[in-house]
file query.cif (mmCIF, N, CA and C atoms)
data_structure
#
loop_
_atom_site.label_atom_id
_atom_site.label_comp_id
_atom_site.auth_asym_id
_atom_site.auth_seq_id
_atom_site.Cartn_x
_atom_site.Cartn_y
_atom_site.Cartn_z
N MET A 1 8.71 2.37 -24.12
CA MET A 1 9.05 2.42 -22.72
C MET A 1 8.92 3.88 -22.25
N THR A 2 8.31 4.02 -21.08
CA THR A 2 8.18 5.33 -20.46
C THR A 2 8.86 5.28 -19.10
N ILE A 3 9.63 6.32 -18.79
CA ILE A 3 10.29 6.41 -17.48
C ILE A 3 9.51 7.40 -16.63
N TYR A 4 9.14 6.95 -15.44
CA TYR A 4 8.43 7.79 -14.48
C TYR A 4 9.38 8.12 -13.34
N ASN A 5 9.46 9.37 -12.99
CA ASN A 5 10.35 9.82 -11.92
C ASN A 5 9.88 9.33 -10.56
N VAL A 6 10.84 9.17 -9.67
CA VAL A 6 10.57 8.88 -8.26
C VAL A 6 10.92 10.15 -7.48
N THR A 7 10.00 10.57 -6.62
CA THR A 7 10.21 11.76 -5.80
C THR A 7 10.43 11.33 -4.36
N TRP A 8 11.54 11.74 -3.76
CA TRP A 8 11.84 11.43 -2.37
C TRP A 8 11.30 12.52 -1.46
N ARG A 9 10.70 12.11 -0.36
CA ARG A 9 10.21 13.03 0.67
C ARG A 9 10.89 12.67 1.99
N ASP A 10 11.46 13.67 2.65
CA ASP A 10 12.18 13.46 3.91
C ASP A 10 11.32 13.86 5.10
N PHE A 11 11.44 13.09 6.18
CA PHE A 11 10.66 13.33 7.39
C PHE A 11 11.53 13.12 8.62
N GLN A 12 11.00 13.55 9.75
CA GLN A 12 11.69 13.32 11.01
C GLN A 12 10.64 13.03 12.07
N LEU A 13 10.87 11.95 12.81
CA LEU A 13 9.98 11.60 13.91
C LEU A 13 10.22 12.54 15.09
N PRO A 14 9.29 12.64 16.02
CA PRO A 14 9.50 13.47 17.21
C PRO A 14 10.76 13.09 17.98
N THR A 15 11.20 11.84 17.85
CA THR A 15 12.42 11.38 18.52
C THR A 15 13.69 11.89 17.84
N GLY A 16 13.54 12.48 16.64
CA GLY A 16 14.69 12.95 15.89
C GLY A 16 15.13 12.00 14.78
N GLN A 17 14.60 10.78 14.75
CA GLN A 17 14.95 9.80 13.73
C GLN A 17 14.46 10.26 12.36
N ALA A 18 15.38 10.37 11.41
CA ALA A 18 15.02 10.75 10.04
C ALA A 18 14.59 9.51 9.26
N PHE A 19 13.65 9.70 8.34
CA PHE A 19 13.28 8.64 7.42
C PHE A 19 12.82 9.28 6.12
N ALA A 20 12.76 8.49 5.07
CA ALA A 20 12.40 9.03 3.76
C ALA A 20 11.46 8.06 3.05
N MET A 21 10.63 8.62 2.19
CA MET A 21 9.72 7.83 1.36
C MET A 21 9.92 8.22 -0.10
N ALA A 22 9.94 7.21 -0.95
CA ALA A 22 10.05 7.43 -2.39
C ALA A 22 8.66 7.24 -3.00
N VAL A 23 8.18 8.24 -3.73
CA VAL A 23 6.86 8.20 -4.34
C VAL A 23 7.01 7.93 -5.84
N CYS A 24 6.31 6.94 -6.31
CA CYS A 24 6.34 6.54 -7.72
C CYS A 24 5.58 7.55 -8.57
N GLY A 25 6.18 7.98 -9.65
CA GLY A 25 5.54 8.91 -10.56
C GLY A 25 4.44 8.28 -11.39
N TYR A 26 4.41 6.96 -11.51
CA TYR A 26 3.36 6.27 -12.26
C TYR A 26 2.11 6.10 -11.41
N SER A 27 2.27 5.46 -10.25
CA SER A 27 1.10 5.14 -9.42
C SER A 27 0.75 6.25 -8.43
N LYS A 28 1.70 7.16 -8.18
CA LYS A 28 1.56 8.22 -7.17
C LYS A 28 1.45 7.62 -5.76
N LEU A 29 2.01 6.42 -5.58
CA LEU A 29 2.01 5.71 -4.30
C LEU A 29 3.44 5.59 -3.78
N VAL A 30 3.57 5.41 -2.48
CA VAL A 30 4.89 5.19 -1.90
C VAL A 30 5.41 3.84 -2.38
N ARG A 31 6.58 3.85 -3.02
CA ARG A 31 7.15 2.61 -3.53
C ARG A 31 8.30 2.10 -2.69
N HIS A 32 8.88 2.99 -1.85
CA HIS A 32 10.00 2.57 -1.02
C HIS A 32 10.11 3.48 0.20
N MET A 33 10.64 2.95 1.30
CA MET A 33 10.88 3.74 2.51
C MET A 33 12.26 3.36 3.05
N THR A 34 12.92 4.34 3.65
CA THR A 34 14.21 4.07 4.29
C THR A 34 14.25 4.73 5.66
N ILE A 35 14.94 4.07 6.58
CA ILE A 35 15.25 4.70 7.86
C ILE A 35 16.53 5.49 7.61
N GLY A 36 16.54 6.73 8.02
CA GLY A 36 17.65 7.61 7.65
C GLY A 36 17.39 8.14 6.25
N LEU A 37 18.27 8.97 5.76
CA LEU A 37 18.06 9.58 4.45
C LEU A 37 18.69 8.81 3.31
N ASP A 38 19.62 7.89 3.60
CA ASP A 38 20.18 6.92 2.65
C ASP A 38 20.51 7.50 1.27
N PRO A 39 21.55 8.33 1.18
CA PRO A 39 21.89 8.95 -0.11
C PRO A 39 22.28 7.94 -1.20
N ILE A 40 22.84 6.81 -0.81
CA ILE A 40 23.21 5.79 -1.81
C ILE A 40 21.96 5.23 -2.49
N ARG A 41 20.96 4.90 -1.70
CA ARG A 41 19.73 4.36 -2.29
C ARG A 41 19.08 5.38 -3.21
N ARG A 42 19.13 6.65 -2.84
CA ARG A 42 18.54 7.70 -3.68
C ARG A 42 19.21 7.77 -5.05
N MET A 43 20.50 7.46 -5.09
CA MET A 43 21.20 7.49 -6.38
C MET A 43 20.66 6.41 -7.31
N PHE A 44 20.21 5.30 -6.75
CA PHE A 44 19.74 4.18 -7.56
C PHE A 44 18.22 4.18 -7.77
N VAL A 45 17.49 4.76 -6.85
CA VAL A 45 16.03 4.78 -6.95
C VAL A 45 15.60 6.17 -7.40
N LYS A 46 15.69 6.40 -8.71
CA LYS A 46 15.35 7.70 -9.29
C LYS A 46 14.15 7.64 -10.21
N GLY A 47 13.87 6.47 -10.73
CA GLY A 47 12.77 6.35 -11.67
C GLY A 47 12.40 4.90 -11.88
N ILE A 48 11.26 4.69 -12.52
CA ILE A 48 10.83 3.35 -12.89
C ILE A 48 10.50 3.35 -14.37
N GLU A 49 10.63 2.19 -14.98
CA GLU A 49 10.34 2.04 -16.40
C GLU A 49 9.09 1.20 -16.56
N ILE A 50 8.17 1.70 -17.36
CA ILE A 50 6.95 0.95 -17.69
C ILE A 50 7.02 0.62 -19.17
N ASN A 51 6.87 -0.66 -19.49
CA ASN A 51 6.92 -1.12 -20.86
C ASN A 51 5.76 -2.09 -21.07
N GLU A 52 4.78 -1.69 -21.84
CA GLU A 52 3.63 -2.55 -22.14
C GLU A 52 3.02 -3.14 -20.87
N GLU A 53 2.69 -2.29 -19.92
CA GLU A 53 2.07 -2.70 -18.66
C GLU A 53 2.97 -3.61 -17.81
N HIS A 54 4.26 -3.46 -17.94
CA HIS A 54 5.22 -4.16 -17.08
C HIS A 54 6.13 -3.10 -16.44
N CYS A 55 6.28 -3.19 -15.14
CA CYS A 55 7.13 -2.26 -14.39
C CYS A 55 8.45 -2.94 -14.04
N ASN A 56 9.55 -2.24 -14.22
CA ASN A 56 10.85 -2.85 -13.93
C ASN A 56 11.10 -3.03 -12.43
N THR A 57 10.28 -2.45 -11.56
CA THR A 57 10.46 -2.63 -10.11
C THR A 57 9.27 -3.36 -9.50
N ASN A 58 8.53 -4.11 -10.30
CA ASN A 58 7.28 -4.72 -9.84
C ASN A 58 7.45 -5.80 -8.78
N GLU A 59 8.66 -6.24 -8.51
CA GLU A 59 8.88 -7.23 -7.46
C GLU A 59 9.64 -6.64 -6.28
N HIS A 60 9.77 -5.31 -6.28
CA HIS A 60 10.53 -4.62 -5.22
C HIS A 60 9.85 -3.27 -4.96
N CYS A 61 8.59 -3.33 -4.49
CA CYS A 61 7.81 -2.11 -4.38
C CYS A 61 6.78 -2.23 -3.25
N LEU A 62 6.65 -1.15 -2.48
CA LEU A 62 5.66 -1.12 -1.39
C LEU A 62 4.26 -0.73 -1.85
N ALA A 63 4.11 -0.27 -3.07
CA ALA A 63 2.80 0.15 -3.59
C ALA A 63 1.98 -1.08 -3.95
N LEU A 64 1.55 -1.80 -2.93
CA LEU A 64 0.86 -3.07 -3.14
C LEU A 64 -0.49 -2.90 -3.85
N GLU A 65 -1.05 -1.69 -3.82
CA GLU A 65 -2.32 -1.43 -4.49
C GLU A 65 -2.16 -1.24 -5.99
N CYS A 66 -0.95 -1.03 -6.47
CA CYS A 66 -0.71 -0.81 -7.90
C CYS A 66 -0.94 -2.12 -8.66
N HIS A 67 -1.66 -2.03 -9.77
CA HIS A 67 -1.97 -3.23 -10.56
C HIS A 67 -0.73 -3.86 -11.19
N LEU A 68 0.38 -3.14 -11.26
CA LEU A 68 1.61 -3.68 -11.83
C LEU A 68 2.49 -4.37 -10.77
N ASN A 69 2.14 -4.23 -9.51
CA ASN A 69 2.98 -4.73 -8.42
C ASN A 69 2.83 -6.24 -8.26
N HIS A 70 3.97 -6.93 -8.20
CA HIS A 70 4.01 -8.38 -7.97
C HIS A 70 4.99 -8.71 -6.84
N THR A 71 5.16 -7.79 -5.91
CA THR A 71 6.10 -8.01 -4.81
C THR A 71 5.62 -9.14 -3.93
N ASN A 72 6.49 -10.08 -3.70
CA ASN A 72 6.22 -11.22 -2.85
C ASN A 72 6.19 -10.75 -1.40
N PRO A 73 5.16 -11.10 -0.63
CA PRO A 73 5.08 -10.65 0.77
C PRO A 73 6.33 -10.97 1.59
N GLU A 74 6.98 -12.07 1.30
CA GLU A 74 8.19 -12.45 2.03
C GLU A 74 9.35 -11.50 1.73
N HIS A 75 9.26 -10.77 0.63
CA HIS A 75 10.33 -9.86 0.23
C HIS A 75 10.23 -8.49 0.91
N LEU A 76 9.07 -8.19 1.49
CA LEU A 76 8.85 -6.87 2.09
C LEU A 76 9.82 -6.57 3.23
N ALA A 77 10.11 -7.54 4.09
CA ALA A 77 11.04 -7.30 5.20
C ALA A 77 12.41 -6.90 4.65
N HIS A 78 12.88 -7.61 3.65
CA HIS A 78 14.17 -7.28 3.02
C HIS A 78 14.15 -5.86 2.47
N MET A 79 13.06 -5.48 1.82
CA MET A 79 12.95 -4.14 1.25
C MET A 79 13.04 -3.06 2.32
N LEU A 80 12.57 -3.38 3.51
CA LEU A 80 12.57 -2.42 4.61
C LEU A 80 13.81 -2.58 5.50
N ASP A 81 14.83 -3.22 4.95
CA ASP A 81 16.12 -3.42 5.63
C ASP A 81 15.99 -4.17 6.95
N MET A 82 15.10 -5.16 6.97
CA MET A 82 14.92 -6.00 8.14
C MET A 82 15.33 -7.42 7.80
N GLU A 83 15.96 -8.10 8.76
CA GLU A 83 16.33 -9.50 8.55
C GLU A 83 15.07 -10.35 8.38
N GLU A 84 14.09 -10.09 9.24
CA GLU A 84 12.81 -10.80 9.17
C GLU A 84 11.75 -9.95 9.84
N ASP A 85 10.51 -10.25 9.55
CA ASP A 85 9.41 -9.52 10.16
C ASP A 85 9.32 -9.91 11.63
N GLU A 86 8.83 -9.00 12.44
CA GLU A 86 8.69 -9.30 13.86
C GLU A 86 7.40 -8.71 14.40
N SER A 87 6.93 -9.24 15.50
CA SER A 87 5.71 -8.76 16.14
C SER A 87 5.94 -7.37 16.73
N VAL A 88 4.85 -6.61 16.85
CA VAL A 88 4.91 -5.29 17.47
C VAL A 88 4.13 -5.34 18.79
N ASP A 89 4.34 -4.33 19.62
CA ASP A 89 3.64 -4.28 20.90
C ASP A 89 2.15 -3.99 20.66
N GLU A 90 1.37 -4.19 21.70
CA GLU A 90 -0.09 -4.06 21.62
C GLU A 90 -0.54 -2.66 21.18
N GLU A 91 0.08 -1.62 21.72
CA GLU A 91 -0.32 -0.26 21.38
C GLU A 91 -0.03 0.06 19.91
N THR A 92 1.14 -0.36 19.43
CA THR A 92 1.48 -0.14 18.02
C THR A 92 0.52 -0.89 17.12
N ALA A 93 0.21 -2.13 17.48
CA ALA A 93 -0.74 -2.93 16.70
C ALA A 93 -2.10 -2.23 16.64
N ARG A 94 -2.53 -1.66 17.75
CA ARG A 94 -3.81 -0.96 17.79
C ARG A 94 -3.78 0.28 16.90
N LEU A 95 -2.69 1.05 16.97
CA LEU A 95 -2.58 2.29 16.19
C LEU A 95 -2.56 2.05 14.69
N TRP A 96 -1.85 1.00 14.26
CA TRP A 96 -1.67 0.76 12.84
C TRP A 96 -2.58 -0.32 12.28
N GLY A 97 -3.26 -1.05 13.17
CA GLY A 97 -4.15 -2.11 12.70
C GLY A 97 -3.41 -3.31 12.14
N GLN A 98 -2.16 -3.46 12.54
CA GLN A 98 -1.31 -4.56 12.06
C GLN A 98 -0.55 -5.16 13.24
N ASN A 99 -0.21 -6.44 13.15
CA ASN A 99 0.47 -7.11 14.25
C ASN A 99 1.97 -7.27 14.06
N THR A 100 2.49 -6.87 12.89
CA THR A 100 3.92 -7.03 12.63
C THR A 100 4.54 -5.71 12.19
N ALA A 101 5.85 -5.64 12.32
CA ALA A 101 6.58 -4.42 11.93
C ALA A 101 6.39 -4.14 10.44
N VAL A 102 6.52 -5.15 9.60
CA VAL A 102 6.33 -4.95 8.16
C VAL A 102 4.91 -4.50 7.87
N GLY A 103 3.94 -5.13 8.50
CA GLY A 103 2.55 -4.73 8.31
C GLY A 103 2.33 -3.27 8.67
N CYS A 104 2.92 -2.84 9.79
CA CYS A 104 2.78 -1.44 10.22
C CYS A 104 3.44 -0.49 9.23
N LEU A 105 4.62 -0.83 8.74
CA LEU A 105 5.31 0.03 7.79
C LEU A 105 4.58 0.09 6.44
N VAL A 106 4.03 -1.02 6.00
CA VAL A 106 3.25 -1.02 4.76
C VAL A 106 1.99 -0.17 4.96
N GLU A 107 1.36 -0.28 6.12
CA GLU A 107 0.18 0.55 6.41
C GLU A 107 0.57 2.03 6.46
N MET A 108 1.74 2.33 7.01
CA MET A 108 2.23 3.71 7.04
C MET A 108 2.38 4.23 5.61
N ALA A 109 2.95 3.42 4.73
CA ALA A 109 3.11 3.82 3.32
C ALA A 109 1.74 4.04 2.68
N ARG A 110 0.77 3.17 2.97
CA ARG A 110 -0.58 3.33 2.42
C ARG A 110 -1.21 4.64 2.88
N ARG A 111 -1.09 4.93 4.16
CA ARG A 111 -1.70 6.16 4.70
C ARG A 111 -1.02 7.40 4.12
N PHE A 112 0.30 7.33 3.96
CA PHE A 112 1.00 8.46 3.37
C PHE A 112 0.57 8.64 1.92
N SER A 113 0.42 7.55 1.18
CA SER A 113 -0.03 7.62 -0.21
C SER A 113 -1.42 8.26 -0.28
N ALA A 114 -2.30 7.87 0.64
CA ALA A 114 -3.65 8.45 0.66
C ALA A 114 -3.58 9.94 0.97
N SER A 115 -2.68 10.32 1.86
CA SER A 115 -2.50 11.73 2.19
C SER A 115 -2.01 12.51 0.98
N LEU A 116 -1.10 11.94 0.21
CA LEU A 116 -0.60 12.59 -1.00
C LEU A 116 -1.73 12.79 -2.00
N ALA A 117 -2.57 11.78 -2.17
CA ALA A 117 -3.69 11.88 -3.11
C ALA A 117 -4.65 12.97 -2.66
N ALA A 118 -4.91 13.03 -1.36
CA ALA A 118 -5.84 14.04 -0.84
C ALA A 118 -5.28 15.45 -1.02
N ASP A 119 -3.95 15.57 -0.97
CA ASP A 119 -3.29 16.88 -1.14
C ASP A 119 -3.00 17.20 -2.59
N ASN A 120 -3.37 16.28 -3.52
CA ASN A 120 -3.11 16.46 -4.96
C ASN A 120 -1.64 16.76 -5.24
N LEU A 121 -0.77 15.91 -4.74
CA LEU A 121 0.67 16.07 -4.94
C LEU A 121 1.00 16.18 -6.42
N THR A 122 1.81 17.15 -6.76
CA THR A 122 2.30 17.30 -8.13
C THR A 122 3.73 16.79 -8.15
N LEU A 123 3.97 15.78 -8.96
CA LEU A 123 5.30 15.19 -9.09
C LEU A 123 5.97 15.73 -10.35
N PRO A 124 7.30 15.63 -10.42
CA PRO A 124 8.00 16.07 -11.63
C PRO A 124 7.50 15.31 -12.86
N GLN A 125 7.63 15.91 -14.01
CA GLN A 125 7.18 15.31 -15.27
C GLN A 125 8.00 14.06 -15.59
N ASN A 126 7.40 13.16 -16.36
CA ASN A 126 8.05 11.93 -16.79
C ASN A 126 9.01 12.24 -17.93
N GLU A 127 9.94 11.33 -18.11
CA GLU A 127 10.92 11.48 -19.20
C GLU A 127 10.41 10.82 -20.45
#

call {"tool": "encode", "arguments": {"input": "query.cif", "output": "structure tokens"}}
result
Amino acid sequence: MTIYNVTWRDFQLPTGQAFAMAVCGYSKLVRHMTIGLDPIRRMFVKGIEINEEHCNTNEHCLALECHLNHTNPEHLAHMLDMEEDESVDEETARLWGQNTAVGCLVEMARRFSASLAADNLTLPQNE
């Protein structure tokens, strides 16, 4: 078993709303997002365990491009602290190329992951 660290990145929208993204040390992709900085979640989301090509968070992860990910699409709204997915306005749909809030947030995670790869993000070493 190998433990890969999760690195949290904090951001703020122009409106002042804080949000955070957790980057997986294995896939180098965004695995979780929170509105606000959510210190409780950070205490629990510190790392992932990989054992023989099985990830212990494979059903609770936004890194849908990861070959270990088995997150059920219906579970994504719950992961993003939403009761259920909902439609977005026309302008938001145009900007993100998605028609639902979950779709937009997953696309946001994908774009951020691509940005990290382009910037050659260095994450802390694995345990």

call {"tool": "resolve_selection", "arguments": {"input": "query.cif", "expression": "the PyMOL selection byres (((chain A and resi 40-49 and name CA) around 7) and name CA)", "output": "number ranges by chain"}}
result
A: 1-6, 38-39, 50-51, 55-57

call {"tool": "write_last_selection", "arguments": {"input": "query.cif", "atoms": "N, CA and C atoms", "output": "PDB file, keeping the file's coordinate frame"}}
result
ATOM      1  N   MET A   1       8.710   2.370 -24.120  1.00  0.00           N
ATOM      2  CA  MET A   1       9.050   2.420 -22.720  1.00  0.00           C
ATOM      3  C   MET A   1       8.920   3.880 -22.250  1.00  0.00           C
ATOM      4  N   THR A   2       8.310   4.020 -21.080  1.00  0.00           N
ATOM      5  CA  THR A   2       8.180   5.330 -20.460  1.00  0.00           C
ATOM      6  C   THR A   2       8.860   5.280 -19.100  1.00  0.00           C
ATOM      7  N   ILE A   3       9.630   6.320 -18.790  1.00  0.00           N
ATOM      8  CA  ILE A   3      10.290   6.410 -17.480  1.00  0.00           C
ATOM      9  C   ILE A   3       9.510   7.400 -16.630  1.00  0.00           C
ATOM     10  N   TYR A   4       9.140   6.950 -15.440  1.00  0.00           N
ATOM     11  CA  TYR A   4       8.430   7.790 -14.480  1.00  0.00           C
ATOM     12  C   TYR A   4       9.380   8.120 -13.340  1.00  0.00           C
ATOM     13  N   ASN A   5       9.460   9.370 -12.990  1.00  0.00           N
ATOM     14  CA  ASN A   5      10.350   9.820 -11.920  1.00  0.00           C
ATOM     15  C   ASN A   5       9.880   9.330 -10.560  1.00  0.00           C
ATOM     16  N   VAL A   6      10.840   9.170  -9.670  1.00  0.00           N
ATOM     17  CA  VAL A   6      10.570   8.880  -8.260  1.00  0.00           C
ATOM     18  C   VAL A   6      10.920  10.150  -7.480  1.00  0.00           C
ATOM     19  N   ASP A  38      19.620   7.890   3.600  1.00  0.00           N
ATOM     20  CA  ASP A  38      20.180   6.920   2.650  1.00  0.00           C
ATOM     21  C   ASP A  38      20.510   7.500   1.270  1.00  0.00           C
ATOM     22  N   PRO A  39      21.550   8.330   1.180  1.00  0.00           N
ATOM     23  CA  PRO A  39      21.890   8.950  -0.110  1.00  0.00           C
ATOM     24  C   PRO A  39      22.280   7.940  -1.200  1.00  0.00           C
ATOM     25  N   ILE A  50       8.170   1.700 -17.360  1.00  0.00           N
ATOM     26  CA  ILE A  50       6.950   0.950 -17.690  1.00  0.00           C
ATOM     27  C   ILE A  50       7.020   0.620 -19.170  1.00  0.00           C
ATOM     28  N   ASN A  51       6.870  -0.660 -19.490  1.00  0.00           N
ATOM     29  CA  ASN A  51       6.920  -1.120 -20.860  1.00  0.00           C
ATOM     30  C   ASN A  51       5.760  -2.090 -21.070  1.00  0.00           C
ATOM     31  N   CYS A  55       6.280  -3.190 -15.140  1.00  0.00           N
ATOM     32  CA  CYS A  55       7.130  -2.260 -14.390  1.00  0.00           C
ATOM     33  C   CYS A  55       8.450  -2.940 -14.040  1.00  0.00           C
ATOM     34  N   ASN A  56       9.550  -2.240 -14.220  1.00  0.00           N
ATOM     35  CA  ASN A  56      10.850  -2.850 -13.930  1.00  0.00           C
ATOM     36  C   ASN A  56      11.100  -3.030 -12.430  1.00  0.00           C
ATOM     37  N   THR A  57      10.280  -2.450 -11.560  1.00  0.00           N
ATOM     38  CA  THR A  57      10.460  -2.630 -10.110  1.00  0.00           C
ATOM     39  C   THR A  57       9.270  -3.360  -9.500  1.00  0.00           C
TER      40      THR A  57
END

call {"tool": "residues_around", "arguments": {"input": "query.cif", "residues": "A:Ala101", "least_positions_apart": "5", "cutoff": "7 Å", "atoms": "all atoms listed in the file", "output": "PDB file with N, CA and C atoms, keeping the file's coordinate frame"}}
result
ATOM      1  N   ASP A  85      10.510 -10.250   9.550  1.00  0.00           N
ATOM      2  CA  ASP A  85       9.410  -9.520  10.160  1.00  0.00           C
ATOM      3  C   ASP A  85       9.320  -9.910  11.630  1.00  0.00           C
ATOM      4  N   GLU A  86       8.830  -9.000  12.440  1.00  0.00           N
ATOM      5  CA  GLU A  86       8.690  -9.300  13.860  1.00  0.00           C
ATOM      6  C   GLU A  86       7.400  -8.710  14.400  1.00  0.00           C
ATOM      7  N   SER A  87       6.930  -9.240  15.500  1.00  0.00           N
ATOM      8  CA  SER A  87       5.710  -8.760  16.140  1.00  0.00           C
ATOM      9  C   SER A  87       5.940  -7.370  16.730  1.00  0.00           C
ATOM     10  N   VAL A  88       4.850  -6.610  16.850  1.00  0.00           N
ATOM     11  CA  VAL A  88       4.910  -5.290  17.470  1.00  0.00           C
ATOM     12  C   VAL A  88       4.130  -5.340  18.790  1.00  0.00           C
ATOM     13  N   VAL A 106       4.030  -1.020   6.000  1.00  0.00           N
ATOM     14  CA  VAL A 106       3.250  -1.020   4.760  1.00  0.00           C
ATOM     15  C   VAL A 106       1.990  -0.170   4.960  1.00  0.00           C
TER      16      VAL A 106
END

call {"tool": "atom_distance", "arguments": {"input": "query.cif", "atom1": "atom CA of A:Ala77", "atom2": "atom CA of A:Thr92"}}
result
17.5 Å

call {"tool": "atom_distance", "arguments": {"input": "query.cif", "atom1": "atom CA of A:Asp10", "atom2": "atom CA of A:Leu37"}}
result
7.1 Å

call {"tool": "resolve_selection", "arguments": {"input": "query.cif", "expression": "the PyMOL selection byres (((chain A and resi 82 and name CA) around 12) and name CA)", "output": "JSON, numbers by chain"}}
result
{"A": [33, 34, 35, 74, 75, 76, 77, 78, 79, 80, 81, 83, 84, 85, 86, 100, 101, 102, 105]}

call {"tool": "residues_around", "arguments": {"input": "query.cif", "residues": "stretch 24-29 of chain A", "least_positions_apart": "3", "cutoff": "7 Å", "atoms": "only N, CA and C atoms", "output": "MDAnalysis selection string"}}
result
chainID A and resid 4:7 32 48 62:63 66 109 113:114 117 123:124

call {"tool": "select_by_dssp", "arguments": {"input": "query.cif", "residues": "chain A", "states": "strand (DSSP E or B)", "output": "PyMOL selection string"}}
result
chain A and resi 2-12+18-24+30-35+47-50+55+87+100

call {"tool": "atom_distance", "arguments": {"input": "query.cif", "atom1": "atom N of A:Val30", "atom2": "atom CA of A:His67"}}
result
13.1 Å

call {"tool": "resolve_selection", "arguments": {"input": "query.cif", "expression": "the PyMOL selection byres ((chain A and resi 60) around 6.5)", "output": "PyMOL selection string"}}
result
chain A and resi 31+57-59+61-62+70-72

call {"tool": "closest_residue", "arguments": {"input": "query.cif", "among": "A:Phe11, A:Trp96, A:Phe112, A:Phe19", "to": "A:Gly36", "atoms": "only C-alpha atoms"}}
result
A:Phe19

call {"tool": "select_by_dssp", "arguments": {"input": "query.cif", "residues": "chain A", "states": "helix (DSSP H, G or I)", "output": "PyMOL selection string"}}
result
chain A and resi 39-44+73-79+90-96+101-118

call {"tool": "build_atoms", "arguments": {"input": "query.cif", "residues": "stretch 64-77 of chain A", "atoms": "N, CA, C and O atoms", "output": "PDB file, in the frame of the given file"}}
result
ATOM      1  N   LEU A  64       1.550  -1.800  -2.930  1.00  0.00           N
ATOM      2  CA  LEU A  64       0.860  -3.070  -3.140  1.00  0.00           C
ATOM      3  C   LEU A  64      -0.490  -2.900  -3.850  1.00  0.00           C
ATOM      4  O   LEU A  64      -1.001  -3.844  -4.432  1.00  0.00           O
ATOM      5  N   GLU A  65      -1.050  -1.690  -3.820  1.00  0.00           N
ATOM      6  CA  GLU A  65      -2.320  -1.430  -4.490  1.00  0.00           C
ATOM      7  C   GLU A  65      -2.160  -1.240  -5.990  1.00  0.00           C
ATOM      8  O   GLU A  65      -3.154  -1.260  -6.724  1.00  0.00           O
ATOM      9  N   CYS A  66      -0.950  -1.030  -6.470  1.00  0.00           N
ATOM     10  CA  CYS A  66      -0.710  -0.810  -7.900  1.00  0.00           C
ATOM     11  C   CYS A  66      -0.940  -2.120  -8.660  1.00  0.00           C
ATOM     12  O   CYS A  66      -0.454  -3.181  -8.263  1.00  0.00           O
ATOM     13  N   HIS A  67      -1.660  -2.030  -9.770  1.00  0.00           N
ATOM     14  CA  HIS A  67      -1.970  -3.230 -10.560  1.00  0.00           C
ATOM     15  C   HIS A  67      -0.730  -3.860 -11.190  1.00  0.00           C
ATOM     16  O   HIS A  67      -0.761  -5.028 -11.584  1.00  0.00           O
ATOM     17  N   LEU A  68       0.380  -3.140 -11.260  1.00  0.00           N
ATOM     18  CA  LEU A  68       1.610  -3.680 -11.830  1.00  0.00           C
ATOM     19  C   LEU A  68       2.490  -4.370 -10.770  1.00  0.00           C
ATOM     20  O   LEU A  68       3.464  -5.029 -11.116  1.00  0.00           O
ATOM     21  N   ASN A  69       2.140  -4.230  -9.510  1.00  0.00           N
ATOM     22  CA  ASN A  69       2.980  -4.730  -8.420  1.00  0.00           C
ATOM     23  C   ASN A  69       2.830  -6.240  -8.260  1.00  0.00           C
ATOM     24  O   ASN A  69       1.720  -6.766  -8.180  1.00  0.00           O
ATOM     25  N   HIS A  70       3.970  -6.930  -8.200  1.00  0.00           N
ATOM     26  CA  HIS A  70       4.010  -8.380  -7.970  1.00  0.00           C
ATOM     27  C   HIS A  70       4.990  -8.710  -6.840  1.00  0.00           C
ATOM     28  O   HIS A  70       5.563  -9.791  -6.820  1.00  0.00           O
ATOM     29  N   THR A  71       5.160  -7.790  -5.910  1.00  0.00           N
ATOM     30  CA  THR A  71       6.100  -8.010  -4.810  1.00  0.00           C
ATOM     31  C   THR A  71       5.620  -9.140  -3.930  1.00  0.00           C
ATOM     32  O   THR A  71       4.478  -9.162  -3.469  1.00  0.00           O
ATOM     33  N   ASN A  72       6.490 -10.080  -3.700  1.00  0.00           N
ATOM     34  CA  ASN A  72       6.220 -11.220  -2.850  1.00  0.00           C
ATOM     35  C   ASN A  72       6.190 -10.750  -1.400  1.00  0.00           C
ATOM     36  O   ASN A  72       7.089 -10.053  -0.963  1.00  0.00           O
ATOM     37  N   PRO A  73       5.160 -11.100  -0.630  1.00  0.00           N
ATOM     38  CA  PRO A  73       5.080 -10.650   0.770  1.00  0.00           C
ATOM     39  C   PRO A  73       6.330 -10.970   1.590  1.00  0.00           C
ATOM     40  O   PRO A  73       6.726 -10.193   2.451  1.00  0.00           O
ATOM     41  N   GLU A  74       6.980 -12.070   1.300  1.00  0.00           N
ATOM     42  CA  GLU A  74       8.190 -12.450   2.030  1.00  0.00           C
ATOM     43  C   GLU A  74       9.350 -11.500   1.730  1.00  0.00           C
ATOM     44  O   GLU A  74      10.305 -11.413   2.478  1.00  0.00           O
ATOM     45  N   HIS A  75       9.260 -10.770   0.630  1.00  0.00           N
ATOM     46  CA  HIS A  75      10.330  -9.860   0.230  1.00  0.00           C
ATOM     47  C   HIS A  75      10.230  -8.490   0.910  1.00  0.00           C
ATOM     48  O   HIS A  75      11.182  -7.722   0.934  1.00  0.00           O
ATOM     49  N   LEU A  76       9.070  -8.190   1.490  1.00  0.00           N
ATOM     50  CA  LEU A  76       8.850  -6.870   2.090  1.00  0.00           C
ATOM     51  C   LEU A  76       9.820  -6.570   3.230  1.00  0.00           C
ATOM     52  O   LEU A  76      10.304  -5.452   3.343  1.00  0.00           O
ATOM     53  N   ALA A  77      10.110  -7.540   4.090  1.00  0.00           N
ATOM     54  CA  ALA A  77      11.040  -7.300   5.200  1.00  0.00           C
ATOM     55  C   ALA A  77      12.410  -6.900   4.650  1.00  0.00           C
ATOM     56  O   ALA A  77      13.022  -5.948   5.119  1.00  0.00           O
TER      57      ALA A  77
END
